[in-house]
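Notes for the one structure printed next.
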Amino acid sequence: MIHTDVIIVGGGPAGLCAAYSLVKQGVSVTLFERNSKLGGQLVKQTHKFFGSEKQYAKTRGFDIAAKLIKDLEPYSAFLTIEKNATVLGIYPDKVVTVMKNEAYFKYQCKAIIVSTGAMEKVLAFEQNDLPGIYGAGAVQTLMNVYGVYPGQSIVMVGSGNIGLIVSYQLLQAGVEVKAVIEAASSIGGYKVHASKLRRLGVPILTNTTIKKAHGVDFLTGVETIQLDESWKTIPGTEKTIQCDACCISVGLAPMHQLLSMAGVHMKYIPEFGGIVPIASDTHETSYDGLFVAGDVYGIEEASSAIVEGYLSGLYVSNKLGMKSEEINSQIADFHQQLEYLRSGPFGKKTRQGLEKIKEARNVT
Amino acid sequence: MPKSPVIICRCEDITKDEIHALLEQGFTTFEDLKRQLRVGMGPCQGSTCQELIQREIALFLHVKVEDVAAPKVRPLTAGVKLKAIKEASDHDK
C-alpha cells in the first residue's frame with residue numbers, strides 16, 4: 001500500500017488546477033492520468049478561448065494546458081504525476097487501485113478528487129458503425145494533434161460550440177464541410193461561431209437529424225431526415241448528402257463510473273449531461289473526503305473546469321485542516337469567477353442543474 | 001429493403017433489434033439486458049451505450065430516461081491480469 005495525502009483522478013484542466021491549489025500549500029498529491037499526456041481535452045483545442053483573462057481567454061487550448069503544467073513545476077517536491085495510469089477502483093477508507101504499465105498498485109490517502117471529465121455521447125442510427133463516422137473528439141485528435149485528415153468531405157451532426165468550432169477548423173484544414181445538422185430548432189453554440197460558417201457557405205440545417213449512414217466498407221454518404229416540434233421524424237423529408245466522413249458532436253456525458261462504484265449518492269440531471277454526484281457546496285460527495293471537480297460534476301466549458309479545479313483543491317485543504325484568511329479570500333474570488341462564467345444565457349443550464357442538485361440534497 | 005443494423009453497444013456488437021427482442025420478452029431493466037447480452041460489460045464499461053440503452057428502455061416503458069435505473073458499476077474499470085494482482089499482493093505481504 002502506497003500512502004499519499006491527496007489523490008487526483010484525471011489530469012485535465014480541473015485535475016491540474018486542483019493539484020496546483022494543494023501543492024502550493026505543501027500538501028502531497030499523486031495525480032493519475034490515463035493518457036500519455038496531461039491536459040485532457042485542452043491538448044486538442046487549437047482555438048482561442050472566450051471569457052475573461054482570469055481563465056486564459058484569447059489563449060489557445062493547448063497553450064493553456066502547457067501553462068497549467070508549467071505552473072506546477074516549482075512544486076515538484078510535493079507532486080507525483082503518474083501518466084498511462086488508469087484508476088481501477090475506489091473502495092472504502094479511501095483506498096484506490098491503479099494500473100500502470102500492466103502492474104497493479106494500491107494506494108491510500110486522506111482525500112480524493114475525482115476529475116475524470118466526460119465521455120462523448122453517441123447516436124443510434126442505421127449503419128452507425130461504418131468507418132468514417134467519428135466523434136468530435138476523434139476528429140480533433142486526428143486533425144489537431146496528429147495532423148491527419150479525417151476525410152475529404154464531412155457532415156457535422158450537432159451545432160453546439162464543439163460542432164461549430166470543429167467545422168470551422170475542418171474548413172481551415174481544407175476539408176469540405178457539406179452541412180451542419182442540428183436536431184433542435186435553434187443553433188446550440190455561440191452565434192459568432194455559426195456566423196463564420198454561414199459566411200463561408202456552410203448550410204446549418206436545424207430540426208434535422210441523421211437517419212442512416214450509406215456505404216458498404218466505408219462511409220459514402222448520410223441520409224438526413226427532418227424532425228417536427230415533438231422530435232418525431234417526418235417521413236418523406238429524407239435527403240442524402242454525399243460525404244466520406246461524418247462527425248457526431250451531440251454533447252458529453254460525465255464520466256461517473258468511479259463515483260457510482262464508490263457508492264456516492266448520484267442523480268441523473270439532464271442539464272448536466274447525465275449521472276452526476278449530489279455534492280455539497282464545497283464539492284464534497286456523500287463519500288467523506290471524496291471531492292469532485294470539472295465536467296464529472298456537470299458538463300460545462302473548460303474555463304469552468306479550471307476554476308472548479310482551483311476551488312476544489314482549496315476545499316480539500318480546508319478539509320485537511322488548513323485554514324487561513326488567504327484560503328478564504330481565494331475561495332471567495334474563485335466563487336465569483338464561477339458565478340460570472342455561469343451568469344449569461346449559456347450558463348442557464350448549469351444554474352438549473354445546480355438548483356436540482358440543491359433539491360436532491362434536501363431529499364437525502 | 002431490410003433495415004441495416006443500428007449498433008447500440010459497440011464493445012459487444014449488440015444491435016437495437018436484439019435489445020428490442022428482449023424488451024418484448026419482459027427483460028426491461030438495464031441489469032436484465034446486461035445479463036442477457038453483456039451490454040455495457042466490454043472495454044468501455046458502458047460509457048458509450050449506457051444512455052442509448054436507458055433511452056430505448058424509457059421509450060419502451062413510456063417513462064423518463066432519468067427514471068430508468070443505470071446499471072450497477074463494479075470494480076474494476078479496466079481489464080487487469082490476475083498475475084498483476086497476485087504480484088501486488090505478494091509484494092504487500
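Order determines the names: the first chain of the C-alpha cells is A, the second B, and so forth; residues in each chain are numbered 1 upward, and ligands are numbered 1 upward as they are shown.
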Find the residues around B:Arg74 up to 12 Å (only C-alpha atoms counted), leave out those fewer than 5 positions away in its own chain, and share them as a list of chain:residue names. A:Leu88, A:Gly89, A:Ile90, A:Tyr91, A:Gln257, A:Leu258, A:Leu259, A:Ser260, A:Met261, A:Ala262, A:Gly263, B:Gly40, B:Met41, B:Gln45, B:Gly46
Chain B contacts on chain A, only C-alpha atoms, 8 Å, as a PyMOL selection string: chain A and resi 1+86-90+99+102-106+119-129+255+257-258+260-261+268-270
May I have the residues from that selection written out with C-alpha atoms, as a PDB file, in the first residue's frame?
```
ATOM      1  CA  MET A   1       0.000   0.000   0.000  1.00  0.00           C
ATOM      2  CA  THR A  86      -5.732   4.072 -15.005  1.00  0.00           C
ATOM      3  CA  VAL A  87      -7.608   4.247 -11.732  1.00  0.00           C
ATOM      4  CA  LEU A  88      -9.457   0.933 -11.498  1.00  0.00           C
ATOM      5  CA  GLY A  89     -11.488   1.338  -8.365  1.00  0.00           C
ATOM      6  CA  ILE A  90     -12.285   3.450  -5.324  1.00  0.00           C
ATOM      7  CA  MET A  99      -2.983   0.008 -13.179  1.00  0.00           C
ATOM      8  CA  GLU A 102       0.135  -3.607 -16.651  1.00  0.00           C
ATOM      9  CA  ALA A 103       1.180  -3.527 -12.995  1.00  0.00           C
ATOM     10  CA  TYR A 104      -1.385  -3.210 -10.213  1.00  0.00           C
ATOM     11  CA  PHE A 105      -0.984  -0.755  -7.325  1.00  0.00           C
ATOM     12  CA  LYS A 106      -2.906   0.005  -4.161  1.00  0.00           C
ATOM     13  CA  MET A 119     -17.302  10.945 -22.466  1.00  0.00           C
ATOM     14  CA  GLU A 120     -18.821  11.810 -25.832  1.00  0.00           C
ATOM     15  CA  LYS A 121     -22.428  10.883 -26.466  1.00  0.00           C
ATOM     16  CA  VAL A 122     -23.257   8.786 -29.494  1.00  0.00           C
ATOM     17  CA  LEU A 123     -26.325   8.358 -31.683  1.00  0.00           C
ATOM     18  CA  ALA A 124     -28.258   5.283 -32.717  1.00  0.00           C
ATOM     19  CA  PHE A 125     -28.859   5.209 -36.462  1.00  0.00           C
ATOM     20  CA  GLU A 126     -28.606   2.620 -39.210  1.00  0.00           C
ATOM     21  CA  GLN A 127     -25.040   1.567 -40.009  1.00  0.00           C
ATOM     22  CA  ASN A 128     -23.632   3.799 -37.266  1.00  0.00           C
ATOM     23  CA  ASP A 129     -20.562   1.562 -37.104  1.00  0.00           C
ATOM     24  CA  MET A 255     -17.598  10.025 -16.504  1.00  0.00           C
ATOM     25  CA  GLN A 257     -18.243   5.314 -13.190  1.00  0.00           C
ATOM     26  CA  LEU A 258     -15.709   5.605 -10.359  1.00  0.00           C
ATOM     27  CA  SER A 260     -21.031   5.270  -8.850  1.00  0.00           C
ATOM     28  CA  MET A 261     -18.762   2.359  -7.989  1.00  0.00           C
ATOM     29  CA  TYR A 268     -29.394  11.808 -13.445  1.00  0.00           C
ATOM     30  CA  ILE A 269     -29.525  15.531 -14.165  1.00  0.00           C
ATOM     31  CA  PRO A 270     -30.279  16.222 -17.843  1.00  0.00           C
TER      32      PRO A 270
END
```
Would you list, as a count of residues only, the residues of chain B that end up in alpha helix (DSSP H) under DSSP run on this structure's backbone? 40
Near A:Gly147, counting only C-alpha atoms, which residues have an atom at most 12 Å away, once you skip same-chain residues fewer than 3 positions from it, shown as a VMD selection string? chain A and resid 44 46 138 to 144 150 to 151 169 to 170 173 to 174
